[in-house]
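Student: Below is upload_19.txt; it holds compact mmCIF, C-alpha atoms.
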# COMPACT_ATOMS: atom_id res chain seq x y z
CA MET A 1 0.00 0.00 0.00
CA GLY A 2 1.15 3.55 -0.76
CA PRO A 3 2.56 6.04 -0.12
CA ILE A 4 5.49 3.62 -0.22
CA PHE A 5 8.16 5.93 1.20
CA LYS A 6 5.96 7.12 4.07
CA LEU A 7 4.77 3.69 5.17
CA ASN A 8 8.12 1.92 4.94
CA ASP A 9 11.54 2.49 6.41
CA ILE A 10 13.61 3.18 3.32
CA SER A 11 17.15 4.57 3.40
CA PHE A 12 17.77 8.23 2.65
CA SER A 13 19.97 7.54 -0.38
CA VAL A 14 17.31 5.36 -2.04
CA TYR A 15 14.77 8.11 -1.35
CA VAL A 16 16.96 10.79 -2.96
CA ILE A 17 17.62 8.61 -6.02
CA PHE A 18 13.90 7.99 -6.53
CA VAL A 19 13.00 11.67 -6.11
CA ILE A 20 15.65 12.65 -8.67
CA LEU A 21 14.37 9.96 -11.07
CA ILE A 22 10.80 11.27 -10.74
CA GLY A 23 12.14 14.79 -11.34
CA MET A 24 13.89 13.56 -14.48
CA LEU A 25 10.67 12.03 -15.80
CA PHE A 26 8.89 15.30 -15.03
CA GLY A 27 11.59 17.29 -16.86
CA ILE A 28 11.56 14.94 -19.88
CA ILE A 29 7.77 15.20 -20.19
CA LEU A 30 7.82 19.00 -19.90
CA GLU A 31 10.53 19.22 -22.57
CA ARG A 32 8.89 16.69 -24.91
CA SER A 33 5.54 18.47 -24.58
CA GLY A 34 7.12 21.67 -25.87
CA PHE A 35 7.11 23.57 -22.57
CA ILE A 36 10.59 24.93 -23.35
CA SER A 37 9.03 27.22 -25.97
CA THR A 38 7.88 30.67 -24.86
CA LYS A 39 5.76 30.77 -28.02
CA LYS A 40 3.78 27.74 -26.89
CA LEU A 41 3.57 28.87 -23.28
CA THR A 42 2.41 32.41 -24.04
CA GLY A 43 0.06 31.03 -26.70
CA THR A 44 -2.14 29.83 -23.83
CA PHE A 45 -3.25 33.39 -23.14
CA LEU A 46 -2.69 34.91 -26.59
CA PHE A 47 -5.10 32.22 -27.79
CA ASP A 48 -3.05 30.81 -30.64
CA ASP A 49 -1.62 27.64 -29.04
CA PHE A 50 -3.46 25.50 -26.51
CA THR A 51 -0.74 22.91 -25.90
CA VAL A 52 -0.42 23.97 -22.26
CA VAL A 53 -4.16 23.77 -21.62
CA LYS A 54 -4.31 20.27 -23.12
CA VAL A 55 -1.27 18.89 -21.29
CA MET A 56 -2.21 20.48 -17.96
CA PHE A 57 -5.82 19.39 -17.91
CA VAL A 58 -5.23 15.86 -19.21
CA GLY A 59 -2.59 15.63 -16.48
CA ILE A 60 -5.00 16.87 -13.81
CA VAL A 61 -7.79 14.53 -14.96
CA VAL A 62 -5.53 11.44 -15.07
CA ALA A 63 -3.94 12.12 -11.68
CA MET A 64 -7.27 13.10 -10.09
CA ILE A 65 -9.09 9.95 -11.25
CA GLY A 66 -6.07 7.82 -10.41
CA LEU A 67 -5.53 9.23 -6.92
CA TYR A 68 -9.15 8.96 -5.80
CA PHE A 69 -9.64 5.56 -7.45
CA LEU A 70 -6.51 4.12 -5.80
CA ALA A 71 -7.66 5.62 -2.50
CA ASP A 72 -11.12 4.05 -2.86
CA ILE A 73 -9.68 0.59 -3.49
CA ASN A 74 -7.14 1.03 -0.66
CA VAL A 75 -4.02 1.02 -2.79
CA ILE A 76 -3.11 4.49 -1.52
CA ASN A 77 -3.77 5.55 2.07
CA ILE A 78 -5.03 9.04 1.23
CA SER A 79 -4.78 10.21 4.84
CA LYS A 80 -1.00 9.95 4.41
CA VAL A 81 -1.03 12.09 1.26
CA TYR A 82 -0.12 15.73 1.82
CA PHE A 83 -3.04 18.09 1.22
CA GLY A 84 -2.07 21.76 1.41
CA LYS A 85 -4.13 24.22 3.40
CA THR A 86 -6.28 26.72 1.56
CA TYR A 87 -5.67 30.44 2.13
CA TRP A 88 -8.08 31.49 -0.56
CA ILE A 89 -7.56 35.28 -0.38
CA SER A 90 -3.79 34.99 -0.42
CA GLN A 91 -3.95 32.37 -3.19
CA LEU A 92 -6.33 34.53 -5.23
CA VAL A 93 -3.79 37.38 -5.09
CA GLY A 94 -1.00 34.89 -5.87
CA GLY A 95 -2.87 33.59 -8.92
CA LEU A 96 -3.48 37.12 -10.24
CA LEU A 97 0.21 38.01 -9.82
CA PHE A 98 1.23 34.68 -11.33
CA GLY A 99 -0.60 35.41 -14.59
CA ILE A 100 1.26 38.72 -14.87
CA GLY A 101 4.64 37.10 -14.19
CA PHE A 102 3.87 34.28 -16.61
CA MET A 103 3.08 36.63 -19.50
CA LEU A 104 6.06 38.90 -18.76
CA THR A 105 8.56 36.04 -18.67
CA GLY A 106 6.93 33.50 -20.97
CA TYR A 107 7.50 30.79 -18.34
CA CYS A 108 6.36 29.42 -15.04
CA PRO A 109 8.96 28.34 -12.45
CA GLY A 110 9.21 24.66 -13.53
CA THR A 111 9.29 25.40 -17.24
CA SER A 112 11.98 28.08 -16.77
CA VAL A 113 14.23 25.38 -15.29
CA VAL A 114 13.61 23.08 -18.27
CA ALA A 115 13.98 25.92 -20.79
CA PHE A 116 17.32 26.92 -19.24
CA ALA A 117 18.39 23.26 -19.35
CA SER A 118 17.60 23.32 -23.09
CA GLY A 119 19.92 26.30 -23.62
CA SER A 120 17.52 29.24 -23.38
CA LEU A 121 19.48 32.07 -21.75
CA ASP A 122 16.42 34.27 -21.12
CA ALA A 123 15.17 31.50 -18.81
CA LEU A 124 18.35 31.88 -16.75
CA VAL A 125 17.50 35.57 -16.27
CA VAL A 126 14.00 34.54 -15.13
CA LEU A 127 15.61 32.20 -12.58
CA LEU A 128 17.81 35.04 -11.29
CA GLY A 129 14.78 37.33 -11.09
CA ALA A 130 12.92 34.63 -9.16
CA VAL A 131 15.73 34.46 -6.59
CA ALA A 132 15.53 38.25 -6.20
CA GLY A 133 11.74 38.00 -5.88
CA MET A 134 12.07 35.45 -3.09
CA TRP A 135 14.43 37.80 -1.24
CA PHE A 136 12.00 40.65 -1.73
CA PHE A 137 9.12 38.60 -0.33
CA GLY A 138 11.10 37.36 2.65
CA PHE A 139 12.66 40.68 3.67
CA GLY A 140 9.32 42.47 3.44
CA PHE A 141 7.37 39.62 5.03
CA SER A 142 6.12 41.61 8.03
CA LEU A 143 4.52 44.09 5.60
CA TRP A 144 2.35 41.47 3.87
CA GLU A 145 2.06 38.81 6.54
CA GLY A 146 -1.62 39.74 7.03
CA LEU A 147 -2.41 39.16 3.37
CA TYR A 148 -0.28 35.98 3.33
CA LYS A 149 -2.44 34.45 6.06
CA ALA A 150 -5.77 35.78 4.79
CA GLY A 151 -8.58 33.40 3.85
CA ASN A 152 -7.37 30.39 5.86
CA ILE A 153 -10.05 27.69 5.68
CA GLY A 154 -7.74 24.76 6.44
CA LYS A 155 -7.44 21.56 4.41
CA ALA A 156 -10.51 22.26 2.31
CA THR A 157 -11.43 20.18 -0.72
CA LEU A 158 -14.26 20.85 -3.17
CA PRO A 159 -16.26 17.67 -2.38
CA LYS A 160 -16.06 18.30 1.37
CA ALA A 161 -17.05 21.96 1.09
CA LEU A 162 -19.95 21.16 -1.24
CA GLY A 163 -21.00 18.11 0.76
CA VAL A 164 -20.97 15.74 -2.21
CA ASN A 165 -19.15 12.54 -3.11
CA HIS A 166 -15.75 13.19 -4.70
CA TRP A 167 -16.80 11.39 -7.90
CA VAL A 168 -19.43 14.06 -8.54
CA ILE A 169 -16.68 16.69 -8.70
CA ILE A 170 -14.31 14.40 -10.61
CA ILE A 171 -16.90 13.70 -13.31
CA PHE A 172 -17.79 17.39 -13.52
CA ILE A 173 -14.13 18.45 -13.94
CA THR A 174 -13.50 15.66 -16.48
CA LEU A 175 -16.49 16.73 -18.59
CA ALA A 176 -15.50 20.40 -18.34
CA ALA A 177 -11.96 19.50 -19.47
CA GLY A 178 -13.41 17.53 -22.39
CA GLY A 179 -15.50 20.53 -23.41
CA MET A 180 -12.43 22.72 -23.21
CA PHE A 181 -10.41 20.35 -25.44
CA TYR A 182 -13.22 20.34 -27.99
CA ALA A 183 -13.30 24.17 -28.01
CA ALA A 184 -9.49 24.35 -28.21
CA GLU A 185 -9.37 22.01 -31.23
CA TRP A 186 -12.13 23.96 -32.96
CA TRP A 187 -10.38 27.27 -32.33
CA GLU A 188 -6.91 26.05 -33.40
CA LYS A 189 -8.39 24.70 -36.63
CA LYS A 190 -10.18 27.97 -37.25
CA ILE A 191 -7.12 30.19 -36.79
CA ALA A 192 -4.99 27.83 -38.91
CA GLU A 193 -7.24 28.51 -41.92
CA MET B 1 0.10 26.59 -42.98
CA LYS B 2 1.88 23.68 -41.39
CA ARG B 3 1.61 23.57 -37.62
CA ASN B 4 4.97 23.70 -35.88
CA ASN B 5 4.31 20.65 -33.77
CA GLU B 6 6.48 17.90 -35.21
CA LYS B 7 9.36 18.64 -32.83
CA PHE B 8 7.25 17.72 -29.83
CA ILE B 9 4.88 14.94 -28.79
CA ASP B 10 1.10 15.06 -28.98
CA PRO B 11 -0.20 17.21 -26.09
CA TYR B 12 -2.82 14.64 -25.03
CA ILE B 13 -0.16 11.95 -24.78
CA GLY B 14 2.14 14.39 -22.94
CA GLY B 15 -0.69 15.21 -20.55
CA ALA B 16 -1.47 11.53 -19.91
CA LEU B 17 2.21 10.84 -19.15
CA LEU B 18 2.35 13.89 -16.88
CA GLY B 19 -0.74 12.67 -14.99
CA LEU B 20 0.78 9.20 -14.59
CA VAL B 21 4.05 10.61 -13.25
CA LEU B 22 2.10 12.74 -10.78
CA LEU B 23 0.08 9.68 -9.74
CA LEU B 24 3.28 7.70 -9.27
CA THR B 25 4.61 10.57 -7.14
CA PHE B 26 1.51 10.40 -4.93
CA TYR B 27 1.88 6.63 -4.65
CA LEU B 28 5.59 6.71 -3.81
CA PHE B 29 5.95 9.83 -1.70
CA GLY B 30 2.47 10.86 -0.51
CA ARG B 31 2.87 14.26 -2.07
CA GLY B 32 2.82 15.82 -5.52
CA LEU B 33 5.14 17.72 -7.82
CA GLY B 34 6.38 21.28 -7.30
CA ALA B 35 8.99 23.75 -8.45
CA SER B 36 8.74 27.13 -6.74
CA GLY B 37 9.69 25.80 -3.30
CA PHE B 38 13.13 25.03 -4.70
CA PHE B 39 13.66 28.73 -5.59
CA ASP B 40 12.67 29.85 -2.10
CA ARG B 41 15.00 27.36 -0.44
CA LEU B 42 17.86 28.19 -2.81
CA SER B 43 17.40 31.95 -2.32
CA VAL B 44 17.66 31.87 1.46
CA THR B 45 20.58 29.42 1.29
CA LEU B 46 22.56 31.90 -0.83
CA LEU B 47 22.21 34.60 1.83
CA HIS B 48 22.48 32.40 4.92
CA PRO B 49 26.32 32.45 5.27
CA PHE B 50 26.26 36.26 5.66
CA ALA B 51 24.01 36.26 8.71
CA PRO B 52 23.18 32.68 9.85
CA ASN B 53 21.45 33.73 13.03
CA PHE B 54 19.23 36.25 11.28
CA PHE B 55 17.91 33.75 8.72
CA GLU B 56 17.57 30.83 11.14
CA HIS B 57 15.28 32.94 13.33
CA HIS B 58 13.61 34.90 10.57
CA HIS B 59 9.84 35.22 10.77
CA TYR B 60 9.35 33.66 7.33
CA TRP B 61 12.56 31.76 6.47
CA GLY B 62 13.11 30.40 9.99
CA LYS B 63 10.79 27.45 9.28
CA TYR B 64 13.39 25.98 6.89
CA TYR B 65 15.99 25.80 9.69
CA ARG B 66 13.86 24.36 12.49
CA HIS B 67 15.15 21.25 14.30
CA GLY B 68 18.62 21.67 12.83
CA ARG B 69 17.45 21.20 9.24
CA VAL B 70 18.82 22.95 6.16
CA PRO B 71 16.56 24.28 3.37
CA LEU B 72 18.25 22.36 0.56
CA ASP B 73 17.69 18.96 2.16
CA ASN B 74 14.18 18.71 0.74
CA PHE B 75 12.02 16.78 -1.70
CA LEU B 76 11.46 19.81 -3.95
CA VAL B 77 15.20 20.47 -4.21
CA TYR B 78 16.07 16.90 -5.29
CA LEU B 79 13.08 16.97 -7.63
CA SER B 80 14.25 20.19 -9.30
CA ILE B 81 17.73 18.76 -9.79
CA GLY B 82 16.07 15.87 -11.61
CA VAL B 83 13.93 18.26 -13.67
CA PHE B 84 17.03 20.12 -14.81
CA VAL B 85 18.93 16.93 -15.71
CA GLY B 86 15.88 15.36 -17.37
CA GLY B 87 15.17 18.54 -19.31
CA PHE B 88 18.76 18.72 -20.52
CA LEU B 89 18.99 15.06 -21.58
CA SER B 90 15.62 15.24 -23.28
CA SER B 91 16.47 18.37 -25.27
CA PHE B 92 19.93 17.01 -26.08
CA PHE B 93 18.66 13.72 -27.52
CA ALA B 94 15.63 15.31 -29.19
CA LYS B 95 17.94 17.93 -30.74
CA THR B 96 15.98 20.86 -29.33
CA PHE B 97 19.02 21.94 -27.29
CA LYS B 98 20.33 25.25 -28.53
CA ILE B 99 21.99 28.22 -26.82
CA ARG B 100 19.46 30.92 -27.66
CA ILE B 101 17.40 33.84 -26.40
CA GLN B 102 13.67 33.40 -26.89
CA LYS B 103 11.81 36.64 -27.48
CA GLY B 104 9.26 38.24 -29.74
CA PRO B 105 10.14 39.79 -33.10
CA GLY B 106 11.73 43.24 -32.86
CA MET B 107 12.54 43.02 -29.17
CA SER B 108 16.12 43.73 -28.14
CA ASN B 109 17.99 41.28 -25.91
CA ARG B 110 18.33 43.99 -23.31
CA THR B 111 14.58 44.61 -23.13
CA ARG B 112 13.92 40.88 -23.02
CA PHE B 113 16.35 40.43 -20.11
CA ILE B 114 14.92 43.35 -18.13
CA TRP B 115 11.36 42.03 -18.39
CA ALA B 116 12.50 38.46 -17.79
CA PHE B 117 14.11 39.59 -14.53
CA VAL B 118 11.17 41.73 -13.40
CA GLY B 119 8.71 39.02 -14.42
CA GLY B 120 10.78 36.42 -12.60
CA MET B 121 10.48 38.51 -9.44
CA VAL B 122 6.71 38.78 -9.91
CA LEU B 123 6.43 35.01 -10.47
CA ALA B 124 8.40 34.26 -7.31
CA ILE B 125 6.38 36.66 -5.15
CA ALA B 126 3.17 35.23 -6.63
CA THR B 127 4.16 31.68 -5.65
CA ARG B 128 4.66 32.69 -2.03
CA PHE B 129 1.11 34.00 -1.75
CA SER B 130 -0.32 31.05 -3.68
CA ARG B 131 1.94 28.56 -1.86
CA GLY B 132 3.05 26.96 -5.08
CA CYS B 133 3.04 27.37 -8.83
CA THR B 134 1.57 25.60 -11.82
CA SER B 135 3.00 22.26 -10.68
CA GLY B 136 2.40 22.49 -6.95
CA GLN B 137 -0.97 24.20 -7.03
CA ALA B 138 -2.70 23.87 -10.41
CA LEU B 139 -1.51 20.36 -11.23
CA THR B 140 -1.01 18.72 -7.82
CA GLY B 141 -3.57 20.61 -5.72
CA GLY B 142 -5.96 20.69 -8.66
CA SER B 143 -6.00 16.91 -8.93
CA GLU B 144 -6.39 16.64 -5.13
CA LEU B 145 -9.45 18.92 -5.51
CA LEU B 146 -8.08 21.54 -3.11
CA ILE B 147 -10.17 24.71 -3.07
CA GLY B 148 -7.13 26.99 -2.85
CA SER B 149 -5.58 25.37 -5.92
CA TRP B 150 -8.67 25.92 -8.03
CA VAL B 151 -8.90 29.52 -6.79
CA PHE B 152 -5.25 29.95 -7.83
CA ALA B 153 -5.81 28.33 -11.25
CA MET B 154 -8.87 30.46 -12.00
CA ALA B 155 -7.14 33.70 -10.93
CA PHE B 156 -4.17 32.70 -13.13
CA PHE B 157 -6.47 32.03 -16.09
CA ILE B 158 -8.04 35.47 -15.66
CA SER B 159 -4.94 37.60 -15.17
CA GLY B 160 -3.00 35.74 -17.89
CA PRO B 161 -5.20 36.79 -20.82
CA VAL B 162 -5.67 40.31 -19.39
CA THR B 163 -1.89 40.76 -19.14
CA GLY B 164 -1.67 39.21 -22.61
CA ILE B 165 -3.62 42.14 -24.07
CA PHE B 166 -0.89 44.53 -22.89
CA VAL B 167 2.16 42.41 -23.70
CA LYS B 168 1.12 40.84 -27.00
CA LYS B 169 3.84 42.76 -28.85
CA PHE B 170 6.42 41.16 -26.53
CA TRP B 171 5.73 37.81 -28.13
CA ARG B 172 4.14 38.13 -31.57
Kindly return the structure encoded in the file as structure tokens.

Tutor:
Amino acid sequence: MGPIFKLNDISFSVYVIFVILIGMLFGIILERSGFISTKKLTGTFLFDDFTVVKVMFVGIVVAMIGLYFLADINVINISKVYFGKTYWISQLVGGLLFGIGFMLTGYCPGTSVVAFASGSLDALVVLLGAVAGMWFFGFGFSLWEGLYKAGNIGKATLPKALGVNHWVIIIFITLAAGGMFYAAEWWEKKIAE
Amino acid sequence: MKRNNEKFIDPYIGGALLGLVLLLTFYLFGRGLGASGFFDRLSVTLLHPFAPNFFEHHHYWGKYYRHGRVPLDNFLVYLSIGVFVGGFLSSFFAKTFKIRIQKGPGMSNRTRFIWAFVGGMVLAIATRFSRGCTSGQALTGGSELLIGSWVFAMAFFISGPVTGIFVKKFWR
């Protein structure tokens, strides 16, 4: 039963090797999906390339169905899986800022690492800017600590908050993603003409 | 016009593989993927030697030093090392590796670097408030059905296109 590394006593070096291997798979998939290209990444919001939308939402749907299915059949002990707390006001502000940073740089943090690894020097500058941004946030923390902690509703999930079975939400999100893929294909075909 | 897709794999296949790797990560480690945490941990580590006591007891960064720990001894750090190595090997063997500067037509390198730096700062600050980025929140938290992650994703999908209106000439 999973999570394997939490439920078993496994040596630190084996743990590190497995985490690095998972990271490598993650990096290979990001690169092979074209996430090293600022043209593809910015196309998400300039509405001329929906690669990111497709990869992201297929990824979410597969992992979402997989996680809850494996939990339901007791292959994963979901109570041992880390669920982050929701600070919805802080995260709303974070999401709004993130969209600005994404369109200014043409990357998100993970893709900037992969783009730099593929030789893109602008991605290195993004990484340096990100380090400076982290310093800025940390040194000024007392100024925005209130906002940072705003909207704390704990470990809140959609099915719990809405009082429905998780499969109701999973099916809804899967259908919505399907509708989005259909619209994306239609639109990409239209602008290609 | 031919679509410039032949260099990369089909996005639906890429997405399915990404979902399976995330699922494997849940199964092995009881947590998901992430990237921005690495930047935070690296950033404080770079400054730490100048004033160890200050950072170890800092109101925000202090959490990374509790119980004698160091920030770089962390899942997200090892993961990011793997992402870099995997990204390099993949681009090397797929022949997409090239020393280059990606930018829109007519933009100078200098302008690209200035906005890349400023935008990088904005991205980093954003991830502190959202407690993660596209991988940690949208992908991982999204598939866990966390409310905060879906709030983050929706806010991102609103501000992205709005910013896009103003910066379209950066890219096209």

Student: So how many Å separate atom CA of A:Leu70 and atom CA of A:Tyr87, to one decimal?

Tutor: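 Spanning atom CA of A:Leu70 to atom CA of A:Tyr87 is a straight-line distance of 27.5 Å.
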
Student: Can you pull out the residues contacting B:Tyr27? Cut-off 8 Å, using all atoms listed in the file, and skip same-chain residues under 5 positions away; I want them as a list in words.

Tutor: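 The residues satisfying every condition are Gly2, Pro3, Ile4 and Ile76 of chain A.
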
Student: Can you work out which one of B:Tyr12, B:Phe38, B:Phe55, B:Phe50 has the shortest atom-to-atom distance to chain A, counting only C-alpha atoms?

Tutor: B:Tyr12

Student: Atom CA of B:Gly37 and atom CA of A:Leu41 are how many Å apart?

Tutor: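 Taking atom CA of B:Gly37 as the start and atom CA of A:Leu41 as the end point, the length is 21.1 Å.
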
Student: Interatomic distance between atom CA of A:Val58 and atom CA of B:Ser143?

Tutor: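 These atoms are spaced 10.4 Å apart.
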
Student: Of the residues B:Arg69, B:Gly104, B:Phe29, B:Asn109, which is the one nearest to chain A, using all atoms listed in the file?

Tutor: B:Phe29

Student: Of the candidates B:Phe84, B:Phe152, B:Phe92, B:Tyr65, which shows the shortest atom-to-atom distance to A:Leu124, using only C-alpha atoms?

Tutor: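 For A:Leu124, the nearest of the given residues is B:Phe84.
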
Student: Rank B:Gly62, B:Gly15, B:Gly87, B:Gly142 by their smallest atom-to-atom distance to A:Met56, using all atoms listed in the file, and report the top residue only.

Tutor: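 Distance minimum relative to A:Met56 lands on B:Gly15.
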
Student: Between B:Phe156, B:Tyr64, B:Phe93, B:Trp150, which is the closest to chain A once you count only C-alpha atoms?

Tutor: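 Of the candidates, the smallest distance to chain A is held by B:Phe156.
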
Student: I'd like to know which of A:Leu143, A:Ile10, A:Leu162, A:Ala117 is closest to chain B, using all atoms listed in the file.

Tutor: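 Among A:Leu143, A:Ile10, A:Leu162, A:Ala117, it is A:Ala117 that comes nearest to chain B.
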
Student: Write out as a list in words which residues come within 12 Å of A:Met1 when counting only C-alpha atoms, dropping same-chain ones fewer than 2 positions away.

Tutor: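 Once the adjacent positions are removed, what remains is Pro3, Ile4, Phe5, Lys6, Leu7, Asn8, Leu70, Ala71, Ile73, Asn74, Val75, Ile76, Asn77, Ile78 and Lys80 of chain A; Phe26, Tyr27, Leu28, Phe29 and Gly30 of chain B.
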
Student: Set the distance at 12 Å and use only C-alpha atoms: which residues neighbour A:Gly119 once local chain neighbours fewer than 2 positions away are removed? I'd like the list as a PDB file with C-alpha atoms, keeping the file's coordinate frame.

Tutor:
ATOM      1  CA  GLU A  31      10.530  19.220 -22.570  1.00  0.00           C
ATOM      2  CA  ILE A  36      10.590  24.930 -23.350  1.00  0.00           C
ATOM      3  CA  SER A  37       9.030  27.220 -25.970  1.00  0.00           C
ATOM      4  CA  SER A 112      11.980  28.080 -16.770  1.00  0.00           C
ATOM      5  CA  VAL A 113      14.230  25.380 -15.290  1.00  0.00           C
ATOM      6  CA  VAL A 114      13.610  23.080 -18.270  1.00  0.00           C
ATOM      7  CA  ALA A 115      13.980  25.920 -20.790  1.00  0.00           C
ATOM      8  CA  PHE A 116      17.320  26.920 -19.240  1.00  0.00           C
ATOM      9  CA  ALA A 117      18.390  23.260 -19.350  1.00  0.00           C
ATOM     10  CA  LEU A 121      19.480  32.070 -21.750  1.00  0.00           C
ATOM     11  CA  ASP A 122      16.420  34.270 -21.120  1.00  0.00           C
ATOM     12  CA  ALA A 123      15.170  31.500 -18.810  1.00  0.00           C
ATOM     13  CA  LEU A 124      18.350  31.880 -16.750  1.00  0.00           C
TER      14      LEU A 124
ATOM     15  CA  PHE B  84      17.030  20.120 -14.810  1.00  0.00           C
ATOM     16  CA  GLY B  87      15.170  18.540 -19.310  1.00  0.00           C
ATOM     17  CA  PHE B  88      18.760  18.720 -20.520  1.00  0.00           C
ATOM     18  CA  LEU B  89      18.990  15.060 -21.580  1.00  0.00           C
ATOM     19  CA  SER B  90      15.620  15.240 -23.280  1.00  0.00           C
ATOM     20  CA  SER B  91      16.470  18.370 -25.270  1.00  0.00           C
ATOM     21  CA  PHE B  92      19.930  17.010 -26.080  1.00  0.00           C
ATOM     22  CA  LYS B  95      17.940  17.930 -30.740  1.00  0.00           C
ATOM     23  CA  THR B  96      15.980  20.860 -29.330  1.00  0.00           C
ATOM     24  CA  PHE B  97      19.020  21.940 -27.290  1.00  0.00           C
ATOM     25  CA  LYS B  98      20.330  25.250 -28.530  1.00  0.00           C
ATOM     26  CA  ILE B  99      21.990  28.220 -26.820  1.00  0.00           C
ATOM     27  CA  ARG B 100      19.460  30.920 -27.660  1.00  0.00           C
ATOM     28  CA  ILE B 101      17.400  33.840 -26.400  1.00  0.00           C
ATOM     29  CA  GLN B 102      13.670  33.400 -26.890  1.00  0.00           C
TER      30      GLN B 102
END

Student: Which polymer residues, protein or nucleic acid, are no farther than 12 Å from (14.5, 42.4, -19.4), counting only C-alpha atoms, as an MDAnalysis selection string?

Tutor: (chainID A and resid 104:106 121:126 128:129) or (chainID B and resid 101:103 107:121 170)

Student: In file coordinates, which residues lie within 8 Å of (6.6, 38.6, -10.1) using only C-alpha atoms, given as a PyMOL selection string?

Tutor: (chain A and resi 97-98+100-101+130+133) or (chain B and resi 118-126)

Student: How would stretch 167-179 of chain A read, as an mmCIF file, in the coordinates of the input, once N, CA and C atoms are built in?

Tutor:
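rebuild-v7.cif, written as the output of this step:
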data_model
loop_
_atom_site.group_PDB
_atom_site.id
_atom_site.type_symbol
_atom_site.label_atom_id
_atom_site.label_comp_id
_atom_site.auth_asym_id
_atom_site.auth_seq_id
_atom_site.Cartn_x
_atom_site.Cartn_y
_atom_site.Cartn_z
ATOM 1 N N TRP A 167 -16.617 11.746 -6.485
ATOM 2 C CA TRP A 167 -16.800 11.390 -7.900
ATOM 3 C C TRP A 167 -17.700 12.360 -8.639
ATOM 4 N N VAL A 168 -18.586 13.039 -7.906
ATOM 5 C CA VAL A 168 -19.430 14.060 -8.540
ATOM 6 C C VAL A 168 -18.544 15.172 -9.106
ATOM 7 N N ILE A 169 -17.592 15.617 -8.283
ATOM 8 C CA ILE A 169 -16.680 16.690 -8.700
ATOM 9 C C ILE A 169 -15.743 16.188 -9.803
ATOM 10 N N ILE A 170 -15.249 14.957 -9.629
ATOM 11 C CA ILE A 170 -14.310 14.400 -10.610
ATOM 12 C C ILE A 170 -14.954 14.304 -11.979
ATOM 13 N N ILE A 171 -16.198 13.823 -12.026
ATOM 14 C CA ILE A 171 -16.900 13.700 -13.310
ATOM 15 C C ILE A 171 -17.159 15.086 -13.903
ATOM 16 N N PHE A 172 -17.543 16.032 -13.051
ATOM 17 C CA PHE A 172 -17.790 17.390 -13.520
ATOM 18 C C PHE A 172 -16.520 17.994 -14.149
ATOM 19 N N ILE A 173 -15.384 17.879 -13.436
ATOM 20 C CA ILE A 173 -14.130 18.450 -13.940
ATOM 21 C C ILE A 173 -13.697 17.746 -15.230
ATOM 22 N N THR A 174 -13.876 16.422 -15.285
ATOM 23 C CA THR A 174 -13.500 15.660 -16.480
ATOM 24 C C THR A 174 -14.326 16.104 -17.689
ATOM 25 N N LEU A 175 -15.627 16.274 -17.487
ATOM 26 C CA LEU A 175 -16.490 16.730 -18.590
ATOM 27 C C LEU A 175 -16.134 18.153 -19.011
ATOM 28 N N ALA A 176 -15.868 19.020 -18.025
ATOM 29 C CA ALA A 176 -15.500 20.400 -18.340
ATOM 30 C C ALA A 176 -14.195 20.432 -19.135
ATOM 31 N N ALA A 177 -13.239 19.575 -18.745
ATOM 32 C CA ALA A 177 -11.960 19.500 -19.470
ATOM 33 C C ALA A 177 -12.215 19.028 -20.899
ATOM 34 N N GLY A 178 -13.072 18.030 -21.054
ATOM 35 C CA GLY A 178 -13.410 17.530 -22.390
ATOM 36 C C GLY A 178 -14.008 18.617 -23.259
ATOM 37 N N GLY A 179 -14.903 19.413 -22.684
ATOM 38 C CA GLY A 179 -15.500 20.530 -23.410
ATOM 39 C C GLY A 179 -14.458 21.542 -23.837
#
